[in-house]
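Engineer: Have a peek at coords33.pdb (PDB, C-alpha atoms, pLDDT in the B column).
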```
ATOM      1  CA  MET A 409      51.880  56.404 -17.441  1.00 83.00           C
ATOM      2  CA  ARG A 410      51.265  58.765 -20.353  1.00 85.00           C
ATOM      3  CA  ARG A 411      53.536  56.720 -22.597  1.00 88.00           C
ATOM      4  CA  PHE A 412      51.643  53.552 -21.636  1.00 85.00           C
ATOM      5  CA  LEU A 413      48.294  55.133 -22.539  1.00 86.00           C
ATOM      6  CA  VAL A 414      49.617  56.500 -25.824  1.00 88.00           C
ATOM      7  CA  ILE A 415      50.707  53.002 -26.833  1.00 91.00           C
ATOM      8  CA  ALA A 416      47.929  50.918 -25.216  1.00 92.00           C
ATOM      9  CA  ILE A 417      44.877  52.805 -26.464  1.00 92.00           C
ATOM     10  CA  PRO A 418      45.673  52.458 -30.199  1.00 93.00           C
ATOM     11  CA  ILE A 419      46.659  48.803 -29.768  1.00 94.00           C
ATOM     12  CA  ILE A 420      43.472  47.978 -27.855  1.00 94.00           C
ATOM     13  CA  THR A 421      41.387  49.879 -30.421  1.00 94.00           C
ATOM     14  CA  LEU A 422      42.996  48.044 -33.344  1.00 94.00           C
ATOM     15  CA  ALA A 423      42.535  44.686 -31.608  1.00 94.00           C
ATOM     16  CA  LEU A 424      38.848  45.472 -31.030  1.00 93.00           C
ATOM     17  CA  PHE A 425      38.321  46.428 -34.676  1.00 90.00           C
ATOM     18  CA  ILE A 426      40.095  43.273 -35.864  1.00 90.00           C
ATOM     19  CA  MET A 427      37.893  41.135 -33.613  1.00 88.00           C
ATOM     20  CA  ILE A 428      34.764  42.813 -34.998  1.00 86.00           C
ATOM     21  CA  MET A 429      35.898  42.347 -38.597  1.00 84.00           C
ATOM     22  CA  LEU A 430      36.637  38.637 -38.081  1.00 84.00           C
ATOM     23  CA  SER A 431      33.506  37.796 -36.090  1.00 83.00           C
ATOM     24  CA  GLY A 432      31.132  37.279 -39.045  1.00 81.00           C
ATOM     25  CA  ASN A 433      31.097  33.471 -38.880  1.00 81.00           C
ATOM     26  CA  TYR A 434      30.268  33.516 -35.184  1.00 83.00           C
ATOM     27  CA  LEU A 435      27.686  36.290 -35.332  1.00 84.00           C
ATOM     28  CA  LYS A 436      25.685  34.670 -38.126  1.00 85.00           C
ATOM     29  CA  GLN A 437      25.009  31.593 -35.987  1.00 87.00           C
ATOM     30  CA  PRO A 438      21.493  31.461 -34.508  1.00 86.00           C
ATOM     31  CA  LEU A 439      21.145  32.749 -30.961  1.00 86.00           C
ATOM     32  CA  GLY A 440      17.660  31.305 -30.576  1.00 83.00           C
ATOM     33  CA  THR A 441      14.879  29.656 -32.515  1.00 84.00           C
ATOM     34  CA  SER A 442      13.624  32.871 -34.086  1.00 86.00           C
ATOM     35  CA  ASP A 443      16.806  33.611 -36.050  1.00 87.00           C
ATOM     36  CA  ASN A 444      17.721  30.168 -37.394  1.00 91.00           C
ATOM     37  CA  ILE A 445      17.933  31.013 -41.092  1.00 93.00           C
ATOM     38  CA  PRO A 446      19.065  27.609 -42.479  1.00 93.00           C
ATOM     39  CA  LYS A 447      16.245  25.803 -40.652  1.00 94.00           C
ATOM     40  CA  THR A 448      13.711  28.340 -41.913  1.00 94.00           C
ATOM     41  CA  ILE A 449      14.941  27.958 -45.503  1.00 95.00           C
ATOM     42  CA  GLU A 450      14.624  24.172 -45.228  1.00 94.00           C
ATOM     43  CA  GLY A 451      11.064  24.569 -43.927  1.00 94.00           C
ATOM     44  CA  ILE A 452      10.175  26.833 -46.842  1.00 95.00           C
ATOM     45  CA  ILE A 453      11.631  24.317 -49.314  1.00 95.00           C
ATOM     46  CA  GLU A 454       9.438  21.583 -47.836  1.00 94.00           C
ATOM     47  CA  ASP A 455       6.345  23.804 -48.070  1.00 94.00           C
ATOM     48  CA  VAL A 456       7.153  24.732 -51.678  1.00 94.00           C
ATOM     49  CA  MET A 457       7.566  21.062 -52.589  1.00 94.00           C
ATOM     50  CA  ASP A 458       4.133  20.369 -51.045  1.00 93.00           C
ATOM     51  CA  GLU A 459       2.762  23.524 -52.722  1.00 90.00           C
ATOM     52  CA  ASN A 460       1.533  24.825 -49.371  1.00 92.00           C
ATOM     53  CA  TRP A 461       1.621  28.489 -50.441  1.00 91.00           C
ATOM     54  CA  GLU A 462       0.065  29.844 -47.230  1.00 92.00           C
ATOM     55  CA  GLY A 463       2.761  28.110 -45.194  1.00 92.00           C
ATOM     56  CA  VAL A 464       5.407  29.345 -47.610  1.00 94.00           C
ATOM     57  CA  GLU A 465       4.238  32.928 -47.216  1.00 93.00           C
ATOM     58  CA  ARG A 466       4.171  32.635 -43.413  1.00 94.00           C
ATOM     59  CA  GLU A 467       7.627  31.067 -43.286  1.00 94.00           C
ATOM     60  CA  THR A 468       9.001  33.671 -45.695  1.00 94.00           C
ATOM     61  CA  ASN A 469       7.826  36.400 -43.353  1.00 94.00           C
ATOM     62  CA  ASN A 470       9.599  34.553 -40.524  1.00 94.00           C
ATOM     63  CA  LEU A 471      12.708  34.333 -42.694  1.00 94.00           C
ATOM     64  CA  GLU A 472      12.672  38.072 -43.329  1.00 94.00           C
ATOM     65  CA  ALA A 473      12.258  38.797 -39.616  1.00 94.00           C
ATOM     66  CA  ALA A 474      15.156  36.461 -38.824  1.00 93.00           C
ATOM     67  CA  TRP A 475      17.291  38.095 -41.511  1.00 94.00           C
ATOM     68  CA  LYS A 476      16.628  41.543 -40.031  1.00 93.00           C
ATOM     69  CA  LYS A 477      17.848  40.287 -36.651  1.00 92.00           C
ATOM     70  CA  VAL A 478      20.958  38.671 -38.069  1.00 91.00           C
ATOM     71  CA  VAL A 479      21.888  41.523 -40.392  1.00 91.00           C
ATOM     72  CA  ARG A 480      22.131  43.893 -37.417  1.00 90.00           C
ATOM     73  CA  ARG A 481      24.742  41.603 -35.889  1.00 88.00           C
ATOM     74  CA  ILE A 482      26.812  40.983 -39.016  1.00 87.00           C
ATOM     75  CA  GLN A 483      26.649  44.330 -40.807  1.00 86.00           C
ATOM     76  CA  PHE A 484      30.107  45.436 -39.653  1.00 83.00           C
ATOM     77  CA  SER A 485      31.890  42.138 -40.085  1.00 81.00           C
ATOM     78  CA  LEU A 486      30.799  41.004 -43.567  1.00 83.00           C
ATOM     79  CA  GLU A 487      30.938  42.471 -47.036  1.00 85.00           C
ATOM     80  CA  ARG A 488      27.992  44.593 -48.024  1.00 88.00           C
ATOM     81  CA  ASP A 489      27.663  42.837 -51.402  1.00 90.00           C
ATOM     82  CA  GLU A 490      27.097  39.489 -49.694  1.00 89.00           C
ATOM     83  CA  ILE A 491      24.397  40.991 -47.487  1.00 90.00           C
ATOM     84  CA  ASN A 492      22.739  42.688 -50.464  1.00 92.00           C
ATOM     85  CA  SER A 493      22.770  39.447 -52.477  1.00 92.00           C
ATOM     86  CA  PHE A 494      20.868  37.605 -49.752  1.00 93.00           C
ATOM     87  CA  THR A 495      18.383  40.470 -49.456  1.00 94.00           C
ATOM     88  CA  THR A 496      17.859  40.403 -53.230  1.00 94.00           C
ATOM     89  CA  ASN A 497      17.166  36.664 -53.088  1.00 93.00           C
ATOM     90  CA  LEU A 498      14.484  37.269 -50.471  1.00 94.00           C
ATOM     91  CA  ALA A 499      12.816  39.882 -52.679  1.00 95.00           C
ATOM     92  CA  ARG A 500      12.832  37.587 -55.709  1.00 95.00           C
ATOM     93  CA  LEU A 501      11.524  34.753 -53.541  1.00 94.00           C
ATOM     94  CA  GLN A 502       8.525  36.873 -52.596  1.00 94.00           C
ATOM     95  CA  GLY A 503       7.834  37.486 -56.274  1.00 94.00           C
ATOM     96  CA  ALA A 504       7.970  33.764 -57.006  1.00 93.00           C
ATOM     97  CA  ILE A 505       5.609  33.121 -54.105  1.00 93.00           C
ATOM     98  CA  LEU A 506       3.128  35.712 -55.372  1.00 93.00           C
ATOM     99  CA  ALA A 507       3.179  34.002 -58.774  1.00 93.00           C
ATOM    100  CA  LYS A 508       3.038  30.582 -57.062  1.00 93.00           C
ATOM    101  CA  ASP A 509       5.946  29.569 -59.272  1.00 92.00           C
ATOM    102  CA  LYS A 510       7.443  26.439 -57.743  1.00 93.00           C
ATOM    103  CA  PRO A 511      10.636  26.222 -59.871  1.00 94.00           C
ATOM    104  CA  SER A 512      11.538  29.889 -59.378  1.00 94.00           C
ATOM    105  CA  ALA A 513      10.900  29.687 -55.643  1.00 94.00           C
ATOM    106  CA  LEU A 514      13.144  26.635 -55.335  1.00 95.00           C
ATOM    107  CA  VAL A 515      15.896  28.312 -57.347  1.00 95.00           C
ATOM    108  CA  GLU A 516      15.773  31.411 -55.157  1.00 94.00           C
ATOM    109  CA  LEU A 517      15.760  29.353 -51.964  1.00 95.00           C
ATOM    110  CA  LYS A 518      18.765  27.305 -53.026  1.00 95.00           C
ATOM    111  CA  GLU A 519      20.619  30.445 -54.090  1.00 94.00           C
ATOM    112  CA  ALA A 520      19.755  32.150 -50.793  1.00 93.00           C
ATOM    113  CA  TYR A 521      21.071  29.105 -48.931  1.00 94.00           C
ATOM    114  CA  GLN A 522      24.308  29.288 -50.943  1.00 93.00           C
ATOM    115  CA  HIS A 523      24.670  32.977 -50.085  1.00 91.00           C
ATOM    116  CA  TRP A 524      24.061  32.133 -46.427  1.00 91.00           C
ATOM    117  CA  GLU A 525      26.750  29.449 -46.476  1.00 90.00           C
ATOM    118  CA  GLY A 526      29.150  31.861 -48.183  1.00 87.00           C
ATOM    119  CA  LEU A 527      28.680  34.671 -45.681  1.00 83.00           C
ATOM    120  CA  GLY A 528      31.916  35.260 -43.815  1.00 74.00           C
ATOM    121  CA  GLN A 529      34.115  32.995 -45.905  1.00 74.00           C
TER     122      GLN A 529
END
```
As a first step, turn the structure in this file into structure tokens.

Structural biologist:
Amino acid sequence: MRRFLVIAIPIITLALFIMIMLSGNYLKQPLGTSDNIPKTIEGIIEDVMDENWEGVERETNNLEAAWKKVVRRIQFSLERDEINSFTTNLARLQGAILAKDKPSALVELKEAYQHWEGLGQ
């Protein structure tokens, strides 16, 4: 029995860690409507194109709340640089929104979407 435990516990622990490290693609998927990041980004793009800056600001706040939910799930399974890049895009997006700069906001949104697509790959 002791020999079984000495062998089984490390193997089970390693298998658990491997599953956590490879789960990034699954954990980034939305679990509800409040953490659907791609849909939120698309909504912000539409509002920016219509120059609806109040809607853009509201949706950006929703995007940040969704990102905070998702980042808790993926923080152990994805590279920190990828997570930081997306967070940086959100900060620059807020600056573009404050300036009501349509081209900069669109650039940041498209780059954020690219970072989102690249997470876990």

Engineer: Can you list what the PyMOL selection byres ((chain A and resi 435-440) around 10) grabs from this structure, as a PyMOL selection string?

Structural biologist: chain A and resi 428+430-434+441-447+474-475+477-483+485-486+524-525+527-528

Engineer: So the first atom is CA of Leu514 in chain A and the second is CA of Val464 in chain A; what is the distance between them in Å, to one decimal place?

Structural biologist: 11.3 Å

Engineer: From the list A:Asn460, A:Asn497, A:Gln522, A:Gln529, which residue is nearest Glu472 in chain A when using only C-alpha atoms?

Structural biologist: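 Between A:Asn460, A:Asn497, A:Gln522, A:Gln529, the residue approaching Glu472 in chain A most closely is A:Asn497.
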
Engineer: What separation in Å, quoted to one decimal, exists between CA of Glu516 in chain A and CA of Arg488 in chain A?

Structural biologist: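 About the pair CA of Glu516 in chain A and CA of Arg488 in chain A: they are 19.3 Å apart.
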
Engineer: Can you pull out every residue within 8 Å of Gly463 in chain A, counting only C-alpha atoms, but drop anything in the same chain fewer than 4 positions away, and send it as a list in words?

Structural biologist: Ile452, Asp455 and Glu467 of chain A

Engineer: Can you tell me how far CA of Thr448 in chain A sits from CA of Arg466 in chain A, in Å to one decimal?

Structural biologist: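 If I compute the distance from CA of Thr448 in chain A to CA of Arg466 in chain A, I get 10.6 Å.
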
Engineer: Can you tell me, as AutoDock Vina command-line options, the centre and edge lengths (Å, one decimal) of the axis-aligned box enclosing all of range 493-501 of chain A's listed atoms after padding each side by 6 Å?

Structural biologist:
```
--center_x 17.1 --center_y 37.6 --center_z -52.6 --size_x 23.2 --size_y 17.7 --size_z 18.3
```

Engineer: In terms of the shortest atom-to-atom distance over only C-alpha atoms, which of A:Val515, A:Ala520, A:Ile453, A:Ala473 is closest to Ser493 in chain A?

Structural biologist: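 Closest to Ser493 in chain A, using only C-alpha atoms: A:Ala520.
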
Engineer: Between A:Lys518, A:His523, A:Ser512, A:Glu465, which one has atoms that come closest to Asn492 in chain A, using only C-alpha atoms?

Structural biologist: A:His523

Engineer: Restricting the calculation to all atoms listed in the file, which member of A:Ala507, A:Leu501, A:Met457, A:Ile491 is positioned closest to Leu471 in chain A?

Structural biologist: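 Ranked by minimum distance to Leu471 in chain A, first place goes to A:Leu501.
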